[in-house]
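Chemist: Have a peek at final_9.csv (CSV, C-alpha atoms and all ligand atoms).
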```csv
chain,number,residue,atom,x,y,z
A,1,MET,CA,-6.3,-22.8,51.9
A,2,SER,CA,-5.2,-24.5,48.7
A,3,HIS,CA,-3.5,-27.9,49.0
A,4,LEU,CA,-1.7,-27.3,45.7
A,5,PHE,CA,1.9,-26.1,45.2
A,6,PRO,CA,1.6,-22.5,44.0
A,7,THR,CA,3.3,-23.2,40.7
A,8,TYR,CA,0.7,-21.4,38.5
A,9,ALA,CA,-0.3,-17.7,38.6
A,10,ARG,CA,-4.0,-18.7,38.2
A,11,TRP,CA,-6.8,-16.7,36.9
A,12,ASP,CA,-9.9,-16.1,38.9
A,13,VAL,CA,-12.0,-18.4,36.7
A,14,THR,CA,-13.2,-21.9,37.7
A,15,PRO,CA,-14.4,-23.8,34.6
A,16,LEU,CA,-17.7,-25.6,34.9
A,17,LYS,CA,-18.4,-26.6,31.3
A,18,ALA,CA,-16.8,-25.9,27.9
A,19,LYS,CA,-18.1,-26.6,24.4
A,20,GLY,CA,-16.7,-25.4,21.1
A,21,ALA,CA,-15.1,-21.9,21.5
A,22,TYR,CA,-17.0,-21.2,24.7
A,23,LEU,CA,-16.2,-21.8,28.4
A,24,THR,CA,-18.7,-21.4,31.2
A,25,ALA,CA,-17.4,-20.7,34.7
A,26,LYS,CA,-18.8,-21.8,38.0
A,27,ASP,CA,-20.1,-18.3,38.7
A,28,GLY,CA,-22.2,-18.4,35.4
A,29,LYS,CA,-19.9,-16.1,33.4
A,30,GLU,CA,-19.5,-17.3,29.7
A,31,TYR,CA,-16.2,-16.7,28.0
A,32,LEU,CA,-15.1,-16.7,24.4
A,33,ASP,CA,-12.0,-18.9,24.6
A,34,PHE,CA,-9.1,-17.8,22.3
A,35,THR,CA,-6.6,-19.8,24.3
A,36,SER,CA,-7.8,-23.4,23.4
A,37,GLY,CA,-6.1,-24.7,26.5
A,38,ILE,CA,-2.8,-23.2,25.2
A,39,SER,CA,-3.1,-24.6,21.7
A,40,VAL,CA,-4.4,-28.0,22.9
A,41,CYS,CA,-8.2,-28.0,22.0
A,42,ASN,CA,-7.6,-27.2,18.3
A,43,LEU,CA,-11.1,-28.6,17.5
A,44,GLY,CA,-12.6,-26.6,20.3
A,45,HIS,CA,-13.9,-28.0,23.6
A,46,ALA,CA,-15.4,-31.5,23.6
A,47,PRO,CA,-15.9,-32.0,19.9
A,48,GLU,CA,-18.6,-34.7,19.4
A,49,ASN,CA,-16.5,-37.0,17.0
A,50,VAL,CA,-13.6,-37.1,19.4
A,51,LYS,CA,-15.9,-37.7,22.4
A,52,LYS,CA,-17.5,-40.6,20.6
A,53,ALA,CA,-14.1,-42.2,19.8
A,54,VAL,CA,-13.0,-41.9,23.4
A,55,GLU,CA,-16.3,-43.4,24.7
A,56,GLU,CA,-15.8,-46.4,22.3
A,57,GLN,CA,-12.3,-46.9,23.5
A,58,LEU,CA,-13.3,-46.7,27.1
A,59,GLU,CA,-15.6,-49.6,26.4
A,60,ASN,CA,-12.8,-51.6,24.9
A,61,PHE,CA,-9.7,-51.2,27.1
A,62,TRP,CA,-7.9,-48.3,28.8
A,63,HIS,CA,-4.4,-49.5,29.4
A,64,THR,CA,-2.5,-52.7,28.9
A,65,SER,CA,1.2,-51.6,28.7
A,66,ASN,CA,3.7,-51.3,25.9
A,67,LEU,CA,4.4,-55.1,26.1
A,68,PHE,CA,1.4,-55.5,23.8
A,69,GLN,CA,0.8,-54.7,20.1
A,70,ILE,CA,-1.5,-51.7,20.2
A,71,ASP,CA,-3.3,-51.2,16.8
A,72,LEU,CA,-4.1,-47.6,17.6
A,73,GLN,CA,-0.4,-46.7,18.1
A,74,GLU,CA,0.3,-48.0,14.6
A,75,GLU,CA,-2.7,-46.2,13.1
A,76,VAL,CA,-1.9,-42.8,14.7
A,77,ALA,CA,1.8,-43.3,13.9
A,78,LYS,CA,0.8,-43.7,10.2
A,79,GLN,CA,-1.2,-40.5,10.3
A,80,LEU,CA,1.8,-38.6,11.8
A,81,THR,CA,4.3,-40.1,9.3
A,82,ASP,CA,2.0,-39.6,6.3
A,83,ALA,CA,1.4,-35.9,7.3
A,84,SER,CA,5.1,-35.1,8.1
A,85,GLY,CA,7.0,-37.2,5.5
A,86,LEU,CA,9.0,-38.8,8.3
A,87,ASP,CA,9.1,-42.5,9.1
A,88,LEU,CA,8.9,-43.6,12.7
A,89,VAL,CA,7.1,-42.6,15.9
A,90,PHE,CA,7.7,-42.9,19.6
A,91,PHE,CA,4.8,-42.0,21.9
A,92,GLY,CA,5.1,-40.3,25.3
A,93,ASN,CA,2.6,-38.2,27.3
A,94,SER,CA,3.6,-34.5,27.0
A,95,GLY,CA,5.6,-32.0,25.1
A,96,ALA,CA,8.6,-32.0,27.5
A,97,GLU,CA,8.7,-35.8,27.3
A,98,ALA,CA,8.7,-35.6,23.5
A,99,ASN,CA,11.6,-33.2,23.6
A,100,GLU,CA,13.5,-35.4,26.1
A,101,ALA,CA,13.1,-38.3,23.7
A,102,ALA,CA,14.3,-36.2,20.8
A,103,ILE,CA,17.4,-35.0,22.7
A,104,LYS,CA,18.2,-38.6,23.9
A,105,LEU,CA,17.7,-40.0,20.4
A,106,ALA,CA,19.9,-37.3,18.7
A,107,ARG,CA,22.7,-37.9,21.2
A,108,LYS,CA,22.6,-41.7,20.9
A,109,ALA,CA,22.3,-41.7,17.1
A,110,THR,CA,25.2,-39.3,16.5
A,111,GLY,CA,27.4,-40.2,19.5
A,112,ARG,CA,27.8,-36.5,20.1
A,113,THR,CA,26.5,-34.5,23.1
A,114,LYS,CA,25.9,-30.9,22.3
A,115,VAL,CA,22.5,-29.6,21.3
A,116,ILE,CA,22.2,-26.0,20.1
A,117,THR,CA,18.9,-24.2,20.8
A,118,PHE,CA,17.7,-20.6,20.3
A,119,ILE,CA,17.5,-17.7,22.7
A,120,ASP,CA,13.8,-17.1,23.9
A,121,SER,CA,12.9,-20.7,23.0
A,122,PHE,CA,10.7,-22.8,25.2
A,123,HIS,CA,11.1,-26.6,25.2
A,124,GLY,CA,9.6,-27.7,28.6
A,125,ARG,CA,10.1,-28.0,32.3
A,126,THR,CA,11.9,-31.3,32.8
A,127,PHE,CA,15.6,-31.1,33.8
A,128,ALA,CA,16.9,-31.5,30.2
A,129,THR,CA,14.2,-29.5,28.5
A,130,MET,CA,14.4,-26.7,31.1
A,131,ALA,CA,18.1,-26.5,30.2
A,132,ALA,CA,17.3,-26.6,26.5
A,133,THR,CA,15.0,-23.6,26.9
A,134,GLY,CA,16.7,-20.3,26.0
A,135,GLN,CA,15.1,-18.2,28.8
A,136,ASP,CA,16.8,-17.6,32.1
A,137,LYS,CA,13.6,-17.1,34.1
A,138,ILE,CA,12.7,-20.8,33.6
A,139,LYS,CA,15.9,-21.9,35.2
A,140,THR,CA,16.2,-19.6,38.2
A,141,GLY,CA,16.9,-21.3,41.5
A,142,PHE,CA,17.4,-24.8,40.1
A,143,GLY,CA,21.2,-24.8,40.4
A,144,PRO,CA,23.7,-25.8,37.7
A,145,MET,CA,22.1,-26.8,34.4
A,146,LEU,CA,23.0,-29.6,32.1
A,147,GLU,CA,26.0,-28.4,30.0
A,148,THR,CA,24.6,-30.1,26.9
A,149,PHE,CA,23.1,-27.0,25.5
A,150,GLU,CA,24.4,-23.8,23.8
A,151,TYR,CA,22.1,-21.0,22.8
A,152,VAL,CA,22.1,-18.8,19.7
A,153,LYS,CA,20.0,-16.0,18.3
A,154,ILE,CA,17.1,-16.6,16.0
A,155,ASN,CA,17.6,-15.2,12.5
A,156,ASN,CA,21.4,-14.7,13.0
A,157,LEU,CA,23.6,-17.2,11.1
A,158,ASP,CA,26.9,-16.0,12.6
A,159,GLY,CA,25.9,-17.2,16.1
A,160,LEU,CA,24.9,-20.6,14.7
A,161,LYS,CA,28.1,-21.0,12.7
A,162,ALA,CA,30.2,-20.2,15.7
A,163,ALA,CA,28.4,-22.7,17.9
A,164,LEU,CA,28.3,-25.7,15.4
A,165,ASP,CA,31.2,-28.0,16.0
A,166,GLU,CA,32.2,-31.7,15.7
A,167,ASN,CA,30.5,-32.5,19.0
A,168,THR,CA,27.1,-31.0,17.9
A,169,ALA,CA,24.4,-33.7,18.0
A,170,ALA,CA,21.6,-31.5,16.9
A,171,VAL,CA,20.2,-28.0,16.4
A,172,MET,CA,16.7,-27.8,18.0
A,173,PHE,CA,14.2,-25.0,17.4
A,174,GLU,CA,10.6,-23.8,17.1
A,175,VAL,CA,9.7,-22.4,13.7
A,176,ILE,CA,7.7,-19.8,15.5
A,177,GLN,CA,8.6,-19.3,19.2
A,178,GLY,CA,5.3,-19.6,21.1
A,179,GLU,CA,6.0,-18.9,24.7
A,180,GLY,CA,8.9,-16.6,23.8
A,181,GLY,CA,6.8,-14.0,21.9
A,182,ILE,CA,5.5,-15.4,18.6
A,183,ASN,CA,9.0,-14.9,17.0
A,184,GLU,CA,9.2,-16.4,13.6
A,185,GLY,CA,12.4,-17.8,12.1
A,186,ASN,CA,12.5,-16.6,8.6
A,187,ALA,CA,12.5,-19.3,5.9
A,188,ASP,CA,15.9,-18.5,4.4
A,189,PHE,CA,17.5,-18.5,7.8
A,190,LEU,CA,15.9,-21.8,8.8
A,191,LYS,CA,16.9,-23.4,5.5
A,192,GLU,CA,20.5,-22.3,6.0
A,193,VAL,CA,20.5,-23.6,9.6
A,194,GLU,CA,19.3,-27.0,8.3
A,195,LYS,CA,22.0,-27.0,5.5
A,196,LEU,CA,24.8,-26.1,7.9
A,197,ALA,CA,23.6,-28.6,10.5
A,198,HIS,CA,23.4,-31.4,8.0
A,199,GLU,CA,26.8,-30.6,6.5
A,200,ASN,CA,28.2,-30.8,10.0
A,201,GLY,CA,26.7,-34.2,10.6
A,202,SER,CA,24.2,-32.8,13.1
A,203,LEU,CA,20.5,-33.6,13.2
A,204,VAL,CA,17.7,-31.0,13.0
A,205,ILE,CA,15.0,-31.3,15.6
A,206,ILE,CA,12.0,-29.1,15.2
A,207,ASP,CA,9.7,-28.5,18.2
A,208,GLU,CA,6.2,-28.5,16.7
A,209,ILE,CA,4.5,-28.8,20.1
A,210,GLN,CA,2.8,-25.4,19.9
A,211,THR,CA,2.9,-24.8,16.1
A,212,GLY,CA,1.9,-28.3,15.0
A,213,ILE,CA,-1.4,-30.1,14.3
A,214,GLY,CA,-2.7,-27.5,11.9
A,215,ARG,CA,-2.2,-24.4,14.0
A,216,THR,CA,-0.4,-22.5,11.2
A,217,GLY,CA,-2.5,-23.8,8.3
A,218,LYS,CA,-0.3,-26.8,7.5
A,219,PRO,CA,0.0,-30.0,9.5
A,220,PHE,CA,3.4,-28.8,10.8
A,221,ALA,CA,4.9,-25.3,10.6
A,222,PHE,CA,8.2,-26.6,9.2
A,223,GLN,CA,6.3,-27.3,6.0
A,224,HIS,CA,5.9,-23.6,5.2
A,225,ALA,CA,9.7,-23.2,4.9
A,226,GLY,CA,10.1,-26.6,3.0
A,227,LEU,CA,12.4,-27.9,5.7
A,228,ASP,CA,13.6,-31.5,6.0
A,229,PRO,CA,14.0,-32.2,9.8
A,230,ASP,CA,15.4,-35.4,11.2
A,231,ILE,CA,13.0,-35.4,14.2
A,232,ILE,CA,9.9,-33.4,15.1
A,233,SER,CA,8.3,-33.3,18.5
A,234,VAL,CA,4.5,-33.0,18.9
A,235,ALA,CA,2.1,-32.9,21.8
A,236,LYS,CA,-0.5,-30.4,22.9
A,237,ALA,CA,-3.2,-30.6,20.2
A,238,ILE,CA,-2.4,-34.1,19.0
A,239,ALA,CA,-5.3,-35.6,21.1
A,240,ASN,CA,-7.4,-32.4,21.5
A,241,GLY,CA,-7.1,-32.4,25.3
A,242,PHE,CA,-6.0,-35.9,26.2
A,243,PRO,CA,-2.4,-36.2,27.4
A,244,LEU,CA,-0.2,-37.5,24.5
A,245,GLY,CA,3.1,-36.5,23.0
A,246,ALA,CA,5.3,-38.0,20.3
A,247,ILE,CA,8.5,-37.7,18.3
A,248,VAL,CA,8.4,-38.5,14.6
A,249,GLY,CA,11.8,-39.2,13.0
A,250,LYS,CA,13.7,-40.6,10.1
A,251,ALA,CA,14.0,-44.4,9.6
A,252,ALA,CA,17.8,-44.1,9.8
A,253,LEU,CA,17.5,-43.3,13.5
A,254,ALA,CA,15.7,-46.6,14.3
A,255,GLU,CA,18.8,-48.4,15.6
A,256,ALA,CA,19.5,-45.8,18.3
A,257,PHE,CA,16.0,-46.4,19.7
A,258,SER,CA,16.3,-50.2,19.8
A,259,ALA,CA,14.3,-52.4,22.3
A,260,GLY,CA,15.1,-51.3,25.9
A,261,SER,CA,16.7,-48.0,25.0
A,262,HIS,CA,13.7,-45.7,25.9
A,263,GLY,CA,10.2,-46.1,27.2
A,264,SER,CA,7.2,-44.9,29.1
A,265,THR,CA,4.5,-46.7,31.1
A,266,PHE,CA,1.7,-44.4,29.9
A,267,GLY,CA,3.2,-43.4,26.6
A,268,GLY,CA,0.8,-44.2,23.7
A,269,ASN,CA,-2.2,-44.6,26.0
A,270,PRO,CA,-5.1,-46.2,24.0
A,271,VAL,CA,-7.7,-43.7,25.2
A,272,ALA,CA,-5.5,-40.7,24.3
A,273,LEU,CA,-4.8,-42.4,21.0
A,274,ALA,CA,-8.5,-42.9,20.2
A,275,ALA,CA,-8.8,-39.1,20.7
A,276,ALA,CA,-5.7,-38.5,18.6
A,277,LYS,CA,-6.9,-40.7,15.7
A,278,GLU,CA,-10.1,-38.8,15.3
A,279,THR,CA,-8.5,-35.4,15.9
A,280,LEU,CA,-5.8,-35.9,13.2
A,281,ASN,CA,-8.4,-37.4,10.9
A,282,THR,CA,-10.3,-34.1,11.1
A,283,ILE,CA,-7.3,-31.7,11.0
A,284,PHE,CA,-5.0,-33.4,8.5
A,285,ASP,CA,-7.5,-32.7,5.7
A,286,GLU,CA,-6.7,-30.3,2.8
A,287,LYS,CA,-10.0,-28.4,3.1
A,288,PHE,CA,-9.9,-28.1,6.9
A,289,LEU,CA,-6.3,-26.7,6.6
A,290,ALA,CA,-7.3,-24.3,3.8
A,291,ASP,CA,-10.0,-23.0,6.1
A,292,VAL,CA,-7.5,-22.5,8.9
A,293,THR,CA,-5.4,-20.3,6.6
A,294,ALA,CA,-8.5,-18.4,5.5
A,295,LYS,CA,-9.6,-17.8,9.1
A,296,GLY,CA,-6.1,-16.7,10.0
A,297,GLU,CA,-6.2,-14.2,7.2
A,298,LYS,CA,-9.6,-12.9,8.3
A,299,LEU,CA,-8.5,-12.5,11.9
A,300,ASN,CA,-5.4,-10.8,10.8
A,301,SER,CA,-7.1,-8.4,8.4
A,302,LEU,CA,-9.9,-7.5,11.0
A,303,LEU,CA,-7.2,-6.9,13.6
A,304,THR,CA,-5.2,-4.7,11.2
A,305,ASP,CA,-8.2,-2.6,10.6
A,306,ALA,CA,-9.5,-2.4,14.1
A,307,LEU,CA,-6.1,-1.7,15.7
A,308,SER,CA,-4.7,0.8,13.1
A,309,GLY,CA,-3.9,4.0,14.9
A,310,VAL,CA,-3.8,2.4,18.3
A,311,ASP,CA,-0.6,3.8,19.8
A,312,SER,CA,0.2,0.9,22.1
A,313,VAL,CA,0.1,-1.6,19.2
A,314,LYS,CA,3.5,-2.2,17.5
A,315,GLN,CA,2.8,-5.0,15.1
A,316,LEU,CA,0.9,-8.2,14.3
A,317,LYS,CA,2.9,-11.5,14.2
A,318,GLY,CA,2.4,-15.2,13.6
A,319,LYS,CA,0.9,-17.5,11.0
A,320,GLY,CA,-2.5,-19.1,10.5
A,321,LEU,CA,-4.4,-19.1,13.8
A,322,MET,CA,-1.2,-18.5,15.9
A,323,VAL,CA,-1.4,-14.7,16.3
A,324,GLY,CA,0.6,-12.3,18.3
A,325,ILE,CA,-0.1,-8.6,18.9
A,326,GLU,CA,3.1,-6.9,20.0
A,327,LEU,CA,2.5,-3.9,22.3
A,328,THR,CA,4.7,-1.1,23.5
A,329,ASP,CA,3.5,-1.8,27.0
A,330,GLU,CA,3.4,-5.0,29.1
A,331,ALA,CA,0.8,-7.4,27.8
A,332,GLY,CA,-0.4,-9.0,31.1
A,333,PRO,CA,-2.8,-6.2,32.1
A,334,PHE,CA,-4.6,-6.4,28.7
A,335,VAL,CA,-5.1,-10.1,29.1
A,336,THR,CA,-6.9,-9.4,32.5
A,337,LYS,CA,-9.0,-6.6,30.9
A,338,ALA,CA,-10.0,-8.9,28.0
A,339,ARG,CA,-11.1,-11.5,30.5
A,340,GLU,CA,-13.2,-8.9,32.3
A,341,HIS,CA,-14.9,-8.5,28.9
A,342,ASN,CA,-15.4,-12.2,28.6
A,343,LEU,CA,-12.6,-13.0,26.2
A,344,LEU,CA,-9.8,-15.4,27.1
A,345,ILE,CA,-6.4,-14.7,25.6
A,346,LEU,CA,-2.7,-15.2,26.6
A,347,THR,CA,0.6,-13.4,26.7
A,348,ALA,CA,3.7,-14.5,24.8
A,349,GLY,CA,6.9,-13.1,26.4
A,350,THR,CA,6.3,-9.8,28.2
A,351,HIS,CA,4.9,-7.5,25.5
A,352,VAL,CA,2.9,-9.8,23.1
A,353,LEU,CA,-0.8,-10.8,23.3
A,354,ARG,CA,-1.2,-14.3,22.0
A,355,LEU,CA,-4.4,-15.5,20.3
A,356,LEU,CA,-4.9,-19.2,19.8
A,357,PRO,CA,-8.5,-19.7,18.9
A,358,PRO,CA,-9.8,-23.2,18.0
A,359,LEU,CA,-9.1,-24.0,14.4
A,360,ASN,CA,-12.8,-24.4,13.6
A,361,VAL,CA,-13.6,-20.9,15.1
A,362,SER,CA,-16.5,-19.3,13.3
A,363,ASP,CA,-16.4,-15.9,11.5
A,364,LYS,CA,-18.8,-14.6,14.1
A,365,GLU,CA,-16.5,-15.6,16.9
A,366,ILE,CA,-13.6,-14.0,15.2
A,367,GLU,CA,-15.5,-10.7,14.8
A,368,LYS,CA,-16.6,-10.8,18.4
A,369,ALA,CA,-13.1,-11.3,19.7
A,370,VAL,CA,-11.7,-8.5,17.5
A,371,THR,CA,-14.4,-6.1,18.8
A,372,ILE,CA,-13.6,-6.9,22.4
A,373,LEU,CA,-9.8,-6.6,21.8
A,374,ALA,CA,-10.2,-3.3,20.0
A,375,ALA,CA,-12.3,-1.9,22.9
A,376,VAL,CA,-9.7,-3.2,25.4
A,377,LEU,CA,-6.7,-1.8,23.6
A,378,LYS,CA,-8.3,1.6,22.8
A,379,ALA,CA,-9.6,2.1,26.3
A,380,GLU,CA,-6.0,2.3,27.6
B,401,LIG,C1,7.2,-25.2,22.0
B,401,LIG,C2,6.9,-25.9,23.2
B,401,LIG,N1,7.7,-27.0,23.5
B,401,LIG,C3,7.5,-27.7,24.6
B,401,LIG,C4,6.5,-27.4,25.5
B,401,LIG,C5,6.3,-28.2,26.7
B,401,LIG,O1,5.1,-29.0,26.6
B,401,LIG,P1,4.5,-29.7,27.9
B,401,LIG,O2,4.0,-28.6,28.8
B,401,LIG,O3,3.4,-30.6,27.4
B,401,LIG,O4,5.5,-30.5,28.6
B,401,LIG,C6,5.6,-26.3,25.2
B,401,LIG,C7,4.5,-26.0,26.1
B,401,LIG,O5,4.1,-24.8,26.2
B,401,LIG,C8,5.8,-25.6,24.0
B,401,LIG,O6,5.1,-24.5,23.7
```
Take the structure in this file and express it as structure tokens.

Modeler:
Amino acid sequence: MSHLFPTYARWDVTPLKAKGAYLTAKDGKEYLDFTSGISVCNLGHAPENVKKAVEEQLENFWHTSNLFQIDLQEEVAKQLTDASGLDLVFFGNSGAEANEAAIKLARKATGRTKVITFIDSFHGRTFATMAATGQDKIKTGFGPMLETFEYVKINNLDGLKAALDENTAAVMFEVIQGEGGINEGNADFLKEVEKLAHENGSLVIIDEIQTGIGRTGKPFAFQHAGLDPDIISVAKAIANGFPLGAIVGKAALAEAFSAGSHGSTFGGNPVALAAAKETLNTIFDEKFLADVTAKGEKLNSLLTDALSGVDSVKQLKGKGLMVGIELTDEAGPFVTKAREHNLLILTAGTHVLRLLPPLNVSDKEIEKAVTILAAVLKAE
């Protein structure tokens, strides 16, 4: 009998070891991992340079508290602000915590309470971020939600115009909805959202928790559309598997997050930051990011060829190495079949297969994954 709450529909795979793009299970089965811990291990499993940085920090100190000056916090904050064009960072431990911080900051800075989010978005599982999430299934059974949030359709300006009012603190969205189905906000729409929000005195919060840290071929997905957010939230891949989250925001917001206004015991943990410093140093590099774009194009073009004429495939979606394959049927059974063929992939929404390989995936690994996927989808 398990002593865990049954909150996860777990796979029948017990990891023993994982290195690069491969995961070996306790039963000896070896899997090609195109999940990257759900967009967390963007440099693959256990990269040597990150491991070394963590080992060094373990020798120095593990935790002191945020009463101390932590050099690593300043160093990683500089990496994040340099890469995003924003100014100031607050560190937490997870994506939901980062979004909580963003929502609190927007409300305090504007003195307004409403936050507009998008239908089919996913922003986390805490009480506020669950309410922010535009999917009913996440909220079922938890009683009345916070009334702070109003939900509008992606790529539909009329809905947004109707929702924006003098009490709107912020509009918060993912540039590409990850959990919701790899749904991309088109650049013109997002630009207009930003313009309308700013004209209304509302902030723009972009949730880069799944799309950020190089996943789409730029440090952050908002940069493809040339947006100018007030706050972005990041987590997942920031420390390649160590728990860390952050918001990065404009300097004008500093006063609203003055001493004593927000905090976290573990937020900005030095061991996680040592991993983050090395991870960001590797990923926020022009050549590395150009390679992500090239690999994304390769994966896309091989999938296009291999899946052309497969009836159950509707379209390919996504950007860089965040790839969705929209199906006519439910995606779940194909994820199981791929696993039986030693390939780990995910669903997004009900009808989309989601591929999130490590960003340093090799051409050979891409070819292998496409061969397995084509066999699985054609065998239907
Ligand atoms: C876009 C987005 N926001 C927020 C979260 C929540 O992050 P966490 O699970 O670290 O709290 C996720 C997690 O999947 C996510 O994809």

Chemist: From the list A:Ala25, A:Leu105, A:Leu244, A:Val171, which residue is nearest ligand LIG 401 (chain B) when using all atoms listed in the file?

Modeler: A:Leu244

Chemist: Any idea what's packed within 6 Å of region 271-287 of chain A, counting all atoms listed in the file, ignoring anything in its chain fewer than 2 positions away? Could you give it as a list in words?

Modeler: Val50, Ala53, Val54, Gln57, Trp62, Val76, Ile238, Ala239, Phe242, Asn269, Leu289 and Ala290 of chain A

Chemist: To one decimal place in Å, what is the distance between CA of Leu343 (chain A) and CA of Thr24 (chain A)?

Modeler: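 Interatomic distance, CA of Leu343 (chain A) to CA of Thr24 (chain A): 11.5 Å.
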
Chemist: For each of A:Lys314, A:Arg354, A:Lys114, A:Lys218, take the minimum atom-to-atom distance to Glu150 (chain A), counting only C-alpha atoms, then give the residue where this is smallest.

Modeler: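 Distance minimum relative to Glu150 (chain A) lands on A:Lys114.
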
Chemist: Counting only C-alpha atoms and all ligand atoms, what residues are within 8 Å of ligand LIG 401 (chain B), given as a list in words?

Modeler: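 Listing the residues within 8 Å of ligand LIG 401 (chain B) gives Ile38, Asn93, Ser94, Gly95, Ala96, Glu97, Ala98, Asn99, Ser121, Phe122, His123, Gly124, Arg125, Thr126, Thr129, Glu174, Gln177, Gly178, Glu179, Asp207, Glu208, Ile209, Gln210, Thr211, Ala235, Lys236 and Gly245 of chain A.
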
Chemist: So that I can check the surroundings of Pro333 (chain A), please list as a list in words every protein, DNA and RNA residue that reaches within 12 Å of it, counting all atoms listed in the file and ignoring chain neighbours fewer than 2 positions away.

Modeler: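 With the cut-off at 12 Å, the set is Leu327, Asp329, Glu330, Ala331, Val335, Thr336, Lys337, Ala338, Arg339, Glu340, Ile345, Leu346, Thr347, Thr350, His351, Val352, Leu353, Val376, Leu377 and Glu380 of chain A.
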
Chemist: Would you kindly return, as a PyMOL selection string, each protein, DNA or RNA residue with an atom no farther than 9 Å from any atom of Gln73 (chain A), considering only C-alpha atoms and excluding same-chain residues fewer than 5 positions away?

Modeler: chain A and resi 78+89+91+268-270+273

Chemist: Would you kindly identify which residues have an atom no farther than 7 Å from (31.4, -35.5, 17.6), using only C-alpha atoms and the file's own coordinates, and write them out as a list in words?

Modeler: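 Looking at atoms near the point gives Gly111, Arg112, Glu166, Asn167 and Thr168 of chain A.
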
Chemist: For Thr81 (chain A), please output as a list in words all residues within 10 Å (counting all atoms listed in the file; exclusion window: fewer than 5 positions along the same chain).

Modeler: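 So, after excluding close chain neighbours, the residues are Val76, Leu86, Asp87, Leu88, Val89, Val248, Gly249 and Lys250 of chain A.
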
Chemist: Just the number, please: distance in Å from CA of Leu72 (chain A) to CA of Phe90 (chain A), one decimal.

Modeler: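 These two atoms are separated by 12.9 Å.
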